[in-house]
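Chemist: One structure coming up, written as structure tokens, with questions to follow.
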Amino acid sequence: MDFSGKYQLESHENFEAFMKAIGLPDEEIEKGKDIKSISEIHQDGKDFKVTVTAGTKVVLYSFTVGEECELETFTGEKAKSVVHMDGNKLTVCVKGIESVTELTGDTIINVRLNIIIIIITFIITHT
């Protein structure tokens with residue numbers, strides 16, 4: 001399954017509750033809740049390069065499936081983790097937050113689950 005492409009955030013559910021639960025300040029939550037981020041993914045086999053642009057913030061990720069990498073959390077912290085791939089799904093757990101990213105046609109659905117069971121779902125469509 002090839003995740004390569006450019007995707008725009010279409011919608012998200014439970015954004016505010018999730019961000020509060022992970023400790024993001026109210027002012028940051030307010031600024032971020034209406035931003036339609038753009039994710040650009042380049043996949044070459046197990047190697048991924050991801051650029052996420054949300055307003056003026058740009059975050060770059062590079063990782064190889066099955067190998068330890070450094071990822072950035074919503075709060076800006078860096079953490080080491082391993083991304084796993086199973087068919088059309090990428091999974092990773094970073095600082096107690098499990099993330100499952102599923103590619104279905106031209107849509108990516110990302111679900112994040114934290115320890116206190118608040119689920120945030122992002123639906124991102126190919127542009």
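Residues in the structure tokens are numbered from 1 in each chain, the chains being A, B, ... in the order shown, and ligands are numbered from 1 in the order shown.
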Where does DSSP see strand (DSSP E) in chain A, if you list the residues as a PyMOL selection string?
Modeler: chain A and resi 5-13+38-44+47-54+57-64+68-72+78-82+84-86+89-94+97-104+107-113+119-126
Chemist: With only C-alpha atoms as the counted atoms, please give the residues lying no more than 6 Å from stretch 66-70 of chain A, apart from itself and same-chain residues fewer than 5 positions off, as a CSV table (one decimal) with N, CA and C atoms, in the first residue's frame.
Modeler:
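Written output follows (out-v6.csv):
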chain,number,residue,atom,x,y,z
A,79,ALA,N,9.9,12.5,21.1
A,79,ALA,CA,9.9,11.2,21.7
A,79,ALA,C,10.4,10.1,20.7
A,80,LYS,N,11.0,9.1,21.2
A,80,LYS,CA,11.5,8.0,20.3
A,80,LYS,C,10.4,6.9,20.3
A,81,SER,N,10.1,6.3,19.1
A,81,SER,CA,9.1,5.3,19.0
A,81,SER,C,9.4,4.5,17.7
A,82,VAL,N,8.6,3.5,17.5
A,82,VAL,CA,8.7,2.6,16.3
A,82,VAL,C,7.4,2.6,15.6
A,83,VAL,N,7.4,3.0,14.3
A,83,VAL,CA,6.2,2.9,13.5
A,83,VAL,C,6.1,1.5,12.9
A,84,HIS,N,4.9,0.9,12.9
A,84,HIS,CA,4.6,-0.4,12.4
A,84,HIS,C,3.6,-0.3,11.2
Chemist: Give me the residues near A:Thr75 as an MDAnalysis selection string, where near means some atom within 9 Å (using only C-alpha atoms) and where sequence neighbours in that chain fewer than 4 positions away do not count.
Modeler: chainID A and resid 19 22:24
Chemist: Mind writing the picked residues with C-alpha atoms as a tab-separated table (two decimals), in the first residue's frame?
Modeler:
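Dumped to selection.tsv:
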chain	number	residue	atom	x	y	z
A	19	MET	CA	-5.99	18.49	23.31
A	22	ILE	CA	-2.84	16.03	26.79
A	23	GLY	CA	-2.19	19.42	28.38
A	24	LEU	CA	-2.29	21.85	25.47
Chemist: Neighbours of A:Tyr61 within 10 Å (only C-alpha atoms; same-chain residues fewer than 3 positions away dropped), as number ranges by chain?
Modeler: A: 41, 48-52, 69-72
Chemist: Atoms to include: N, CA, C and O atoms. Write the selected residues as a PDB file, in the first residue's frame.
Modeler:
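Result file is again21.pdb:
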ATOM      1  N   ILE A  41       2.995  13.244   2.009  1.00  0.00           N
ATOM      2  CA  ILE A  41       3.667  11.989   2.350  1.00  0.00           C
ATOM      3  C   ILE A  41       4.417  11.471   1.130  1.00  0.00           C
ATOM      4  O   ILE A  41       3.856  11.386   0.034  1.00  0.00           O
ATOM      5  N   PHE A  48       9.619   6.637   4.940  1.00  0.00           N
ATOM      6  CA  PHE A  48       8.592   7.679   4.839  1.00  0.00           C
ATOM      7  C   PHE A  48       9.197   9.040   5.151  1.00  0.00           C
ATOM      8  O   PHE A  48      10.017   9.163   6.066  1.00  0.00           O
ATOM      9  N   LYS A  49       8.772  10.042   4.402  1.00  0.00           N
ATOM     10  CA  LYS A  49       9.038  11.438   4.720  1.00  0.00           C
ATOM     11  C   LYS A  49       7.683  12.128   4.719  1.00  0.00           C
ATOM     12  O   LYS A  49       6.943  12.055   3.741  1.00  0.00           O
ATOM     13  N   VAL A  50       7.351  12.777   5.842  1.00  0.00           N
ATOM     14  CA  VAL A  50       6.042  13.400   6.010  1.00  0.00           C
ATOM     15  C   VAL A  50       6.255  14.861   6.385  1.00  0.00           C
ATOM     16  O   VAL A  50       7.014  15.168   7.302  1.00  0.00           O
ATOM     17  N   THR A  51       5.569  15.746   5.672  1.00  0.00           N
ATOM     18  CA  THR A  51       5.570  17.168   5.988  1.00  0.00           C
ATOM     19  C   THR A  51       4.141  17.561   6.319  1.00  0.00           C
ATOM     20  O   THR A  51       3.242  17.361   5.507  1.00  0.00           O
ATOM     21  N   VAL A  52       3.944  18.095   7.519  1.00  0.00           N
ATOM     22  CA  VAL A  52       2.612  18.543   7.945  1.00  0.00           C
ATOM     23  C   VAL A  52       2.677  20.054   8.125  1.00  0.00           C
ATOM     24  O   VAL A  52       3.490  20.554   8.903  1.00  0.00           O
ATOM     25  N   CYS A  69      12.617   5.780  15.687  1.00  0.00           N
ATOM     26  CA  CYS A  69      12.727   7.125  15.127  1.00  0.00           C
ATOM     27  C   CYS A  69      12.309   8.136  16.183  1.00  0.00           C
ATOM     28  O   CYS A  69      11.798   7.770  17.236  1.00  0.00           O
ATOM     29  N   GLU A  70      12.531   9.423  15.900  1.00  0.00           N
ATOM     30  CA  GLU A  70      12.100  10.480  16.805  1.00  0.00           C
ATOM     31  C   GLU A  70      10.914  11.196  16.184  1.00  0.00           C
ATOM     32  O   GLU A  70      10.964  11.619  15.028  1.00  0.00           O
ATOM     33  N   LEU A  71       9.827  11.301  16.953  1.00  0.00           N
ATOM     34  CA  LEU A  71       8.609  11.958  16.492  1.00  0.00           C
ATOM     35  C   LEU A  71       8.268  13.101  17.440  1.00  0.00           C
ATOM     36  O   LEU A  71       8.656  13.086  18.605  1.00  0.00           O
ATOM     37  N   GLU A  72       7.512  14.072  16.941  1.00  0.00           N
ATOM     38  CA  GLU A  72       7.099  15.210  17.757  1.00  0.00           C
ATOM     39  C   GLU A  72       5.634  15.051  18.136  1.00  0.00           C
ATOM     40  O   GLU A  72       4.794  14.716  17.311  1.00  0.00           O
TER      41      GLU A  72
END
Chemist: Tell me which protein, DNA and RNA residues are within 9 Å of A:Val100, counting only C-alpha atoms, leaving out same-chain ones fewer than 6 positions away, and put them as a PyMOL selection string.
Modeler: chain A and resi 89-93+109-113
Chemist: Produce a file of the selected residues containing all heavy atoms, as a CSV table (one decimal), in the first residue's frame.
Modeler:
chain,number,residue,atom,x,y,z
A,89,LYS,N,-2.4,0.2,7.1
A,89,LYS,CA,-2.4,0.8,8.4
A,89,LYS,C,-1.0,1.1,8.9
A,89,LYS,O,-0.2,0.2,8.8
A,89,LYS,CB,-3.2,0.0,9.5
A,89,LYS,CG,-4.6,0.0,9.2
A,89,LYS,CD,-5.3,-0.8,10.3
A,89,LYS,CE,-6.8,-0.9,10.1
A,89,LYS,NZ,-7.5,-1.7,11.1
A,90,LEU,N,-0.8,2.3,9.4
A,90,LEU,CA,0.5,2.6,10.2
A,90,LEU,C,0.1,2.8,11.6
A,90,LEU,O,-0.9,3.5,11.9
A,90,LEU,CB,1.1,3.9,9.6
A,90,LEU,CG,1.6,3.9,8.2
A,90,LEU,CD1,2.0,5.3,7.8
A,90,LEU,CD2,2.8,2.9,8.1
A,91,THR,N,0.8,2.2,12.5
A,91,THR,CA,0.5,2.3,14.0
A,91,THR,C,1.8,2.7,14.7
A,91,THR,O,2.9,2.3,14.3
A,91,THR,CB,-0.1,1.0,14.6
A,91,THR,OG1,0.9,0.0,14.4
A,91,THR,CG2,-1.4,0.6,13.9
A,92,VAL,N,1.6,3.5,15.7
A,92,VAL,CA,2.7,4.0,16.6
A,92,VAL,C,2.1,4.4,17.9
A,92,VAL,O,1.0,4.9,18.0
A,92,VAL,CB,3.5,5.1,15.9
A,92,VAL,CG1,2.6,6.4,15.8
A,92,VAL,CG2,4.8,5.4,16.6
A,93,CYS,N,2.9,4.2,19.0
A,93,CYS,CA,2.5,4.7,20.3
A,93,CYS,C,3.6,5.7,20.7
A,93,CYS,O,4.8,5.3,20.8
A,93,CYS,CB,2.4,3.5,21.3
A,93,CYS,SG,1.7,4.1,22.9
A,109,ILE,N,-7.6,8.1,7.4
A,109,ILE,CA,-8.3,8.3,8.7
A,109,ILE,C,-7.2,8.0,9.8
A,109,ILE,O,-6.6,7.0,9.8
A,109,ILE,CB,-9.5,7.4,8.8
A,109,ILE,CG1,-10.5,7.7,7.7
A,109,ILE,CG2,-10.1,7.6,10.2
A,109,ILE,CD1,-11.7,6.8,7.7
A,110,ASN,N,-7.0,9.0,10.6
A,110,ASN,CA,-6.1,8.9,11.7
A,110,ASN,C,-6.8,8.9,13.0
A,110,ASN,O,-7.6,9.9,13.3
A,110,ASN,CB,-5.0,10.0,11.7
A,110,ASN,CG,-4.1,9.9,12.9
A,110,ASN,OD1,-4.2,10.7,13.8
A,110,ASN,ND2,-3.2,9.0,12.8
A,111,VAL,N,-6.7,7.9,13.8
A,111,VAL,CA,-7.4,7.8,15.1
A,111,VAL,C,-6.3,7.8,16.2
A,111,VAL,O,-5.4,7.0,16.1
A,111,VAL,CB,-8.3,6.6,15.2
A,111,VAL,CG1,-8.9,6.5,16.6
A,111,VAL,CG2,-9.4,6.6,14.2
A,112,ARG,N,-6.4,8.7,17.2
A,112,ARG,CA,-5.5,8.7,18.3
A,112,ARG,C,-6.3,8.4,19.6
A,112,ARG,O,-7.3,9.0,19.8
A,112,ARG,CB,-4.8,10.0,18.4
A,112,ARG,CG,-3.9,10.2,17.1
A,112,ARG,CD,-3.2,11.5,17.1
A,112,ARG,NE,-2.6,11.6,15.8
A,112,ARG,CZ,-1.6,12.4,15.5
A,112,ARG,NH1,-1.1,13.2,16.4
A,112,ARG,NH2,-1.1,12.5,14.3
A,113,LEU,N,-5.7,7.6,20.4
A,113,LEU,CA,-6.3,7.2,21.7
A,113,LEU,C,-5.3,7.5,22.8
A,113,LEU,O,-4.2,7.0,22.8
A,113,LEU,CB,-6.7,5.7,21.6
A,113,LEU,CG,-7.2,5.1,22.8
A,113,LEU,CD1,-8.6,5.6,23.2
A,113,LEU,CD2,-7.3,3.6,22.6
Chemist: As a ChimeraX atom specification, please: all residues of stretch 7-111 of chain A that backbone DSSP puts in alpha helix (DSSP H).
Modeler: /A:15-21,26-32
Chemist: Since we have the selection now, will you write its residues out, keeping N, CA and C atoms, as a PDB file, in the first residue's frame?
Modeler:
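After the write, out-v3.pdb holds the following:
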ATOM      1  N   PHE A  15     -11.560  17.078  19.023  1.00  0.00           N
ATOM      2  CA  PHE A  15     -10.282  17.789  19.005  1.00  0.00           C
ATOM      3  C   PHE A  15     -10.024  18.502  20.334  1.00  0.00           C
ATOM      4  N   GLU A  16     -10.978  19.312  20.777  1.00  0.00           N
ATOM      5  CA  GLU A  16     -10.761  20.123  21.971  1.00  0.00           C
ATOM      6  C   GLU A  16     -10.573  19.267  23.224  1.00  0.00           C
ATOM      7  N   ALA A  17     -11.413  18.262  23.420  1.00  0.00           N
ATOM      8  CA  ALA A  17     -11.301  17.405  24.605  1.00  0.00           C
ATOM      9  C   ALA A  17      -9.970  16.665  24.626  1.00  0.00           C
ATOM     10  N   PHE A  18      -9.543  16.169  23.466  1.00  0.00           N
ATOM     11  CA  PHE A  18      -8.280  15.444  23.382  1.00  0.00           C
ATOM     12  C   PHE A  18      -7.116  16.365  23.703  1.00  0.00           C
ATOM     13  N   MET A  19      -7.102  17.555  23.103  1.00  0.00           N
ATOM     14  CA  MET A  19      -5.994  18.486  23.312  1.00  0.00           C
ATOM     15  C   MET A  19      -5.929  18.954  24.771  1.00  0.00           C
ATOM     16  N   LYS A  20      -7.076  19.168  25.395  1.00  0.00           N
ATOM     17  CA  LYS A  20      -7.096  19.530  26.825  1.00  0.00           C
ATOM     18  C   LYS A  20      -6.509  18.390  27.654  1.00  0.00           C
ATOM     19  N   ALA A  21      -6.878  17.157  27.324  1.00  0.00           N
ATOM     20  CA  ALA A  21      -6.433  15.988  28.090  1.00  0.00           C
ATOM     21  C   ALA A  21      -4.919  15.798  28.013  1.00  0.00           C
ATOM     22  N   ASP A  26      -5.377  26.342  26.477  1.00  0.00           N
ATOM     23  CA  ASP A  26      -6.615  26.727  25.795  1.00  0.00           C
ATOM     24  C   ASP A  26      -6.375  27.631  24.594  1.00  0.00           C
ATOM     25  N   GLU A  27      -5.436  28.574  24.708  1.00  0.00           N
ATOM     26  CA  GLU A  27      -5.169  29.495  23.594  1.00  0.00           C
ATOM     27  C   GLU A  27      -4.640  28.753  22.365  1.00  0.00           C
ATOM     28  N   GLU A  28      -3.822  27.721  22.590  1.00  0.00           N
ATOM     29  CA  GLU A  28      -3.302  26.918  21.477  1.00  0.00           C
ATOM     30  C   GLU A  28      -4.417  26.068  20.857  1.00  0.00           C
ATOM     31  N   ILE A  29      -5.285  25.534  21.699  1.00  0.00           N
ATOM     32  CA  ILE A  29      -6.417  24.741  21.205  1.00  0.00           C
ATOM     33  C   ILE A  29      -7.320  25.616  20.348  1.00  0.00           C
ATOM     34  N   GLU A  30      -7.613  26.800  20.825  1.00  0.00           N
ATOM     35  CA  GLU A  30      -8.479  27.734  20.093  1.00  0.00           C
ATOM     36  C   GLU A  30      -7.880  28.079  18.734  1.00  0.00           C
ATOM     37  N   LYS A  31      -6.568  28.340  18.700  1.00  0.00           N
ATOM     38  CA  LYS A  31      -5.898  28.680  17.433  1.00  0.00           C
ATOM     39  C   LYS A  31      -5.915  27.509  16.459  1.00  0.00           C
ATOM     40  N   GLY A  32      -5.786  26.283  16.990  1.00  0.00           N
ATOM     41  CA  GLY A  32      -5.632  25.121  16.127  1.00  0.00           C
ATOM     42  C   GLY A  32      -6.903  24.454  15.660  1.00  0.00           C
TER      43      GLY A  32
END
Chemist: Please determine, counting only C-alpha atoms, which residue among A:Lys46, A:His126, A:Lys95, A:Lys6 has the shortest atom-to-atom distance to A:Val65.
Modeler: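 Closest to A:Val65 of all the choices is A:Lys46.
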Chemist: I'd like the interatomic distance between atom CA of A:Pro25 and atom CA of A:Gly96, to a tenth of an Å.
Modeler: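 Interatomic distance here is 18.9 Å.
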